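Read the structure below first, then the notes.
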Amino acid sequence: MTAPDHAFGVEVAAAPDGILYVTLAGDLAWDGADELPDAVRGRLGPGSAPAGLRVDCAGLTLCDSTGLSALLALHRLAEAAGVPLRLDRRPPFLDRLLLLTGTYEHLTGRSETAGPDGDTPSGTAEGPRPSGP
């Protein structure tokens, strides 16, 4: 296997509003997908859980099946901690992957159907960049 074209990066920052903001960049793929749940796991402990978990996906360039597995693991961690998870600024390719795999509603909390081209009716979901660090 070769390395991905765009190295995966994840940044995590807690905001004064109690929300934990996660910013993703590059290829969420086989060689770096474990970084995502690992970066958040320690911040979801009992007594220290944030009020919410917002993941900015705008910087993603690719998400393969291992990346999808990392998003599902993140969802499980957040759910176990009682923290609402929101995937913001999803690129169209990510929405298509979620729709094709039947995980769209599970990960977004929204029930939408894909158009004939595989896109959701809203295009890039969740609108503008969330405020925060």
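Note on naming: chains are A, B, ... as they come in the structure tokens, residues start from 1 per chain, ligands start from 1 in the order shown.
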Worksheet entry | Secondary structure check, strand (DSSP E) residues of chain A, as a PyMOL selection string | chain A and resi 9-14+19-28+52-63+85-88
Item to complete: Identify which of the residues A:Arg41, A:Arg110, A:Arg90, A:His75 lies closest to Thr61 in chain A, counting only C-alpha atoms when measuring atom-to-atom distances.
Response: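 Comparing A:Arg41, A:Arg110, A:Arg90, A:His75 against Thr61 in chain A, the winner is A:Arg90.
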Worksheet entry | Nearest residue to Thr108 in chain A from the set A:Leu72, A:Ala80, A:Val22, A:Ala33 (distances using only C-alpha atoms) | A:Leu72
Worksheet entry | alpha helix (DSSP H) per DSSP on the backbone: members of range 21-85 of chain A, as a ChimeraX atom specification | /A:35-41,65-81
Only N, CA and C atoms, please: the residues just picked out, written as a PDB file, in the first residue's frame.
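Heads up, here's the output in part.pdb:
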ATOM      1  N   GLU A  35      -6.141   7.977  14.756  1.00  0.00           N
ATOM      2  CA  GLU A  35      -5.845   9.244  15.418  1.00  0.00           C
ATOM      3  C   GLU A  35      -7.114   9.968  15.853  1.00  0.00           C
ATOM      4  N   LEU A  36      -8.193   9.817  15.089  1.00  0.00           N
ATOM      5  CA  LEU A  36      -9.420  10.556  15.394  1.00  0.00           C
ATOM      6  C   LEU A  36     -10.018  10.157  16.741  1.00  0.00           C
ATOM      7  N   PRO A  37     -10.394   8.901  16.952  1.00  0.00           N
ATOM      8  CA  PRO A  37     -10.942   8.568  18.273  1.00  0.00           C
ATOM      9  C   PRO A  37      -9.917   8.736  19.394  1.00  0.00           C
ATOM     10  N   ASP A  38      -8.641   8.478  19.094  1.00  0.00           N
ATOM     11  CA  ASP A  38      -7.603   8.629  20.118  1.00  0.00           C
ATOM     12  C   ASP A  38      -7.481  10.075  20.585  1.00  0.00           C
ATOM     13  N   ALA A  39      -7.658  11.036  19.668  1.00  0.00           N
ATOM     14  CA  ALA A  39      -7.513  12.446  20.003  1.00  0.00           C
ATOM     15  C   ALA A  39      -8.626  12.942  20.917  1.00  0.00           C
ATOM     16  N   VAL A  40      -9.767  12.276  20.883  1.00  0.00           N
ATOM     17  CA  VAL A  40     -10.938  12.736  21.632  1.00  0.00           C
ATOM     18  C   VAL A  40     -11.204  11.909  22.884  1.00  0.00           C
ATOM     19  N   ARG A  41     -10.797  10.659  22.866  1.00  0.00           N
ATOM     20  CA  ARG A  41     -11.137   9.707  23.940  1.00  0.00           C
ATOM     21  C   ARG A  41     -10.874  10.269  25.335  1.00  0.00           C
ATOM     22  N   SER A  65     -13.139   3.372   3.992  1.00  0.00           N
ATOM     23  CA  SER A  65     -13.909   2.553   4.941  1.00  0.00           C
ATOM     24  C   SER A  65     -13.305   2.589   6.343  1.00  0.00           C
ATOM     25  N   THR A  66     -11.996   2.713   6.449  1.00  0.00           N
ATOM     26  CA  THR A  66     -11.370   2.806   7.762  1.00  0.00           C
ATOM     27  C   THR A  66     -11.680   4.156   8.396  1.00  0.00           C
ATOM     28  N   GLY A  67     -11.738   5.197   7.574  1.00  0.00           N
ATOM     29  CA  GLY A  67     -12.124   6.512   8.059  1.00  0.00           C
ATOM     30  C   GLY A  67     -13.556   6.515   8.552  1.00  0.00           C
ATOM     31  N   LEU A  68     -14.437   5.855   7.805  1.00  0.00           N
ATOM     32  CA  LEU A  68     -15.827   5.729   8.232  1.00  0.00           C
ATOM     33  C   LEU A  68     -15.902   4.993   9.569  1.00  0.00           C
ATOM     34  N   SER A  69     -15.105   3.965   9.718  1.00  0.00           N
ATOM     35  CA  SER A  69     -15.049   3.224  10.972  1.00  0.00           C
ATOM     36  C   SER A  69     -14.604   4.138  12.119  1.00  0.00           C
ATOM     37  N   ALA A  70     -13.664   5.052  11.842  1.00  0.00           N
ATOM     38  CA  ALA A  70     -13.206   5.994  12.872  1.00  0.00           C
ATOM     39  C   ALA A  70     -14.322   6.955  13.260  1.00  0.00           C
ATOM     40  N   LEU A  71     -15.109   7.403  12.285  1.00  0.00           N
ATOM     41  CA  LEU A  71     -16.252   8.279  12.599  1.00  0.00           C
ATOM     42  C   LEU A  71     -17.285   7.540  13.437  1.00  0.00           C
ATOM     43  N   LEU A  72     -17.517   6.275  13.110  1.00  0.00           N
ATOM     44  CA  LEU A  72     -18.458   5.469  13.894  1.00  0.00           C
ATOM     45  C   LEU A  72     -17.933   5.241  15.314  1.00  0.00           C
ATOM     46  N   ALA A  73     -16.624   5.028  15.452  1.00  0.00           N
ATOM     47  CA  ALA A  73     -16.021   4.869  16.782  1.00  0.00           C
ATOM     48  C   ALA A  73     -16.164   6.161  17.581  1.00  0.00           C
ATOM     49  N   LEU A  74     -15.973   7.296  16.919  1.00  0.00           N
ATOM     50  CA  LEU A  74     -16.140   8.582  17.580  1.00  0.00           C
ATOM     51  C   LEU A  74     -17.590   8.753  18.057  1.00  0.00           C
ATOM     52  N   HIS A  75     -18.522   8.355  17.228  1.00  0.00           N
ATOM     53  CA  HIS A  75     -19.939   8.424  17.593  1.00  0.00           C
ATOM     54  C   HIS A  75     -20.218   7.559  18.827  1.00  0.00           C
ATOM     55  N   ARG A  76     -19.661   6.343  18.852  1.00  0.00           N
ATOM     56  CA  ARG A  76     -19.856   5.460  20.013  1.00  0.00           C
ATOM     57  C   ARG A  76     -19.277   6.075  21.285  1.00  0.00           C
ATOM     58  N   LEU A  77     -18.074   6.665  21.178  1.00  0.00           N
ATOM     59  CA  LEU A  77     -17.453   7.307  22.347  1.00  0.00           C
ATOM     60  C   LEU A  77     -18.313   8.458  22.856  1.00  0.00           C
ATOM     61  N   ALA A  78     -18.790   9.285  21.943  1.00  0.00           N
ATOM     62  CA  ALA A  78     -19.611  10.429  22.329  1.00  0.00           C
ATOM     63  C   ALA A  78     -20.923   9.971  22.953  1.00  0.00           C
ATOM     64  N   GLU A  79     -21.542   8.985  22.341  1.00  0.00           N
ATOM     65  CA  GLU A  79     -22.808   8.469  22.858  1.00  0.00           C
ATOM     66  C   GLU A  79     -22.636   7.881  24.254  1.00  0.00           C
ATOM     67  N   ALA A  80     -21.558   7.132  24.470  1.00  0.00           N
ATOM     68  CA  ALA A  80     -21.301   6.528  25.783  1.00  0.00           C
ATOM     69  C   ALA A  80     -21.090   7.593  26.857  1.00  0.00           C
ATOM     70  N   ALA A  81     -20.550   8.747  26.446  1.00  0.00           N
ATOM     71  CA  ALA A  81     -20.303   9.829  27.396  1.00  0.00           C
ATOM     72  C   ALA A  81     -21.513  10.763  27.521  1.00  0.00           C
TER      73      ALA A  81
END
Practice prompt. Tell me which of A:Phe8, A:Val83, A:Leu28, A:Asp56 sits closest to Arg43 in chain A, counting only C-alpha atoms.
Written response: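 Nearest to Arg43 in chain A: A:Val83.
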Discussion item. One number please: CA of Thr23 in chain A to CA of Glu105 in chain A, in Å, one decimal.
Written reply: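 According to the coordinates, CA of Thr23 in chain A and CA of Glu105 in chain A are separated by 21.1 Å.
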Worksheet item: Hey, can you check how far CA of Pro46 in chain A sits from CA of Thr103 in chain A?
Response: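 So the two atoms, CA of Pro46 in chain A and CA of Thr103 in chain A, lie 27.1 Å apart.
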Worksheet item: Looking at only C-alpha atoms, which of A:Leu44, A:Leu60, A:Ala49, A:Leu107 is the one that sits closest to Val10 in chain A?
Response: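 Ranked by minimum distance to Val10 in chain A, first place goes to A:Leu60.
A straight line drawn from CA of Gly47 in chain A to CA of Asp88 in chain A is 25.5 Å long.
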Worksheet item: Counting only C-alpha atoms, which of A:Asp34, A:Asp95, A:Val12, A:Gly42 gets nearest to Val55 in chain A?
Response: A:Val12
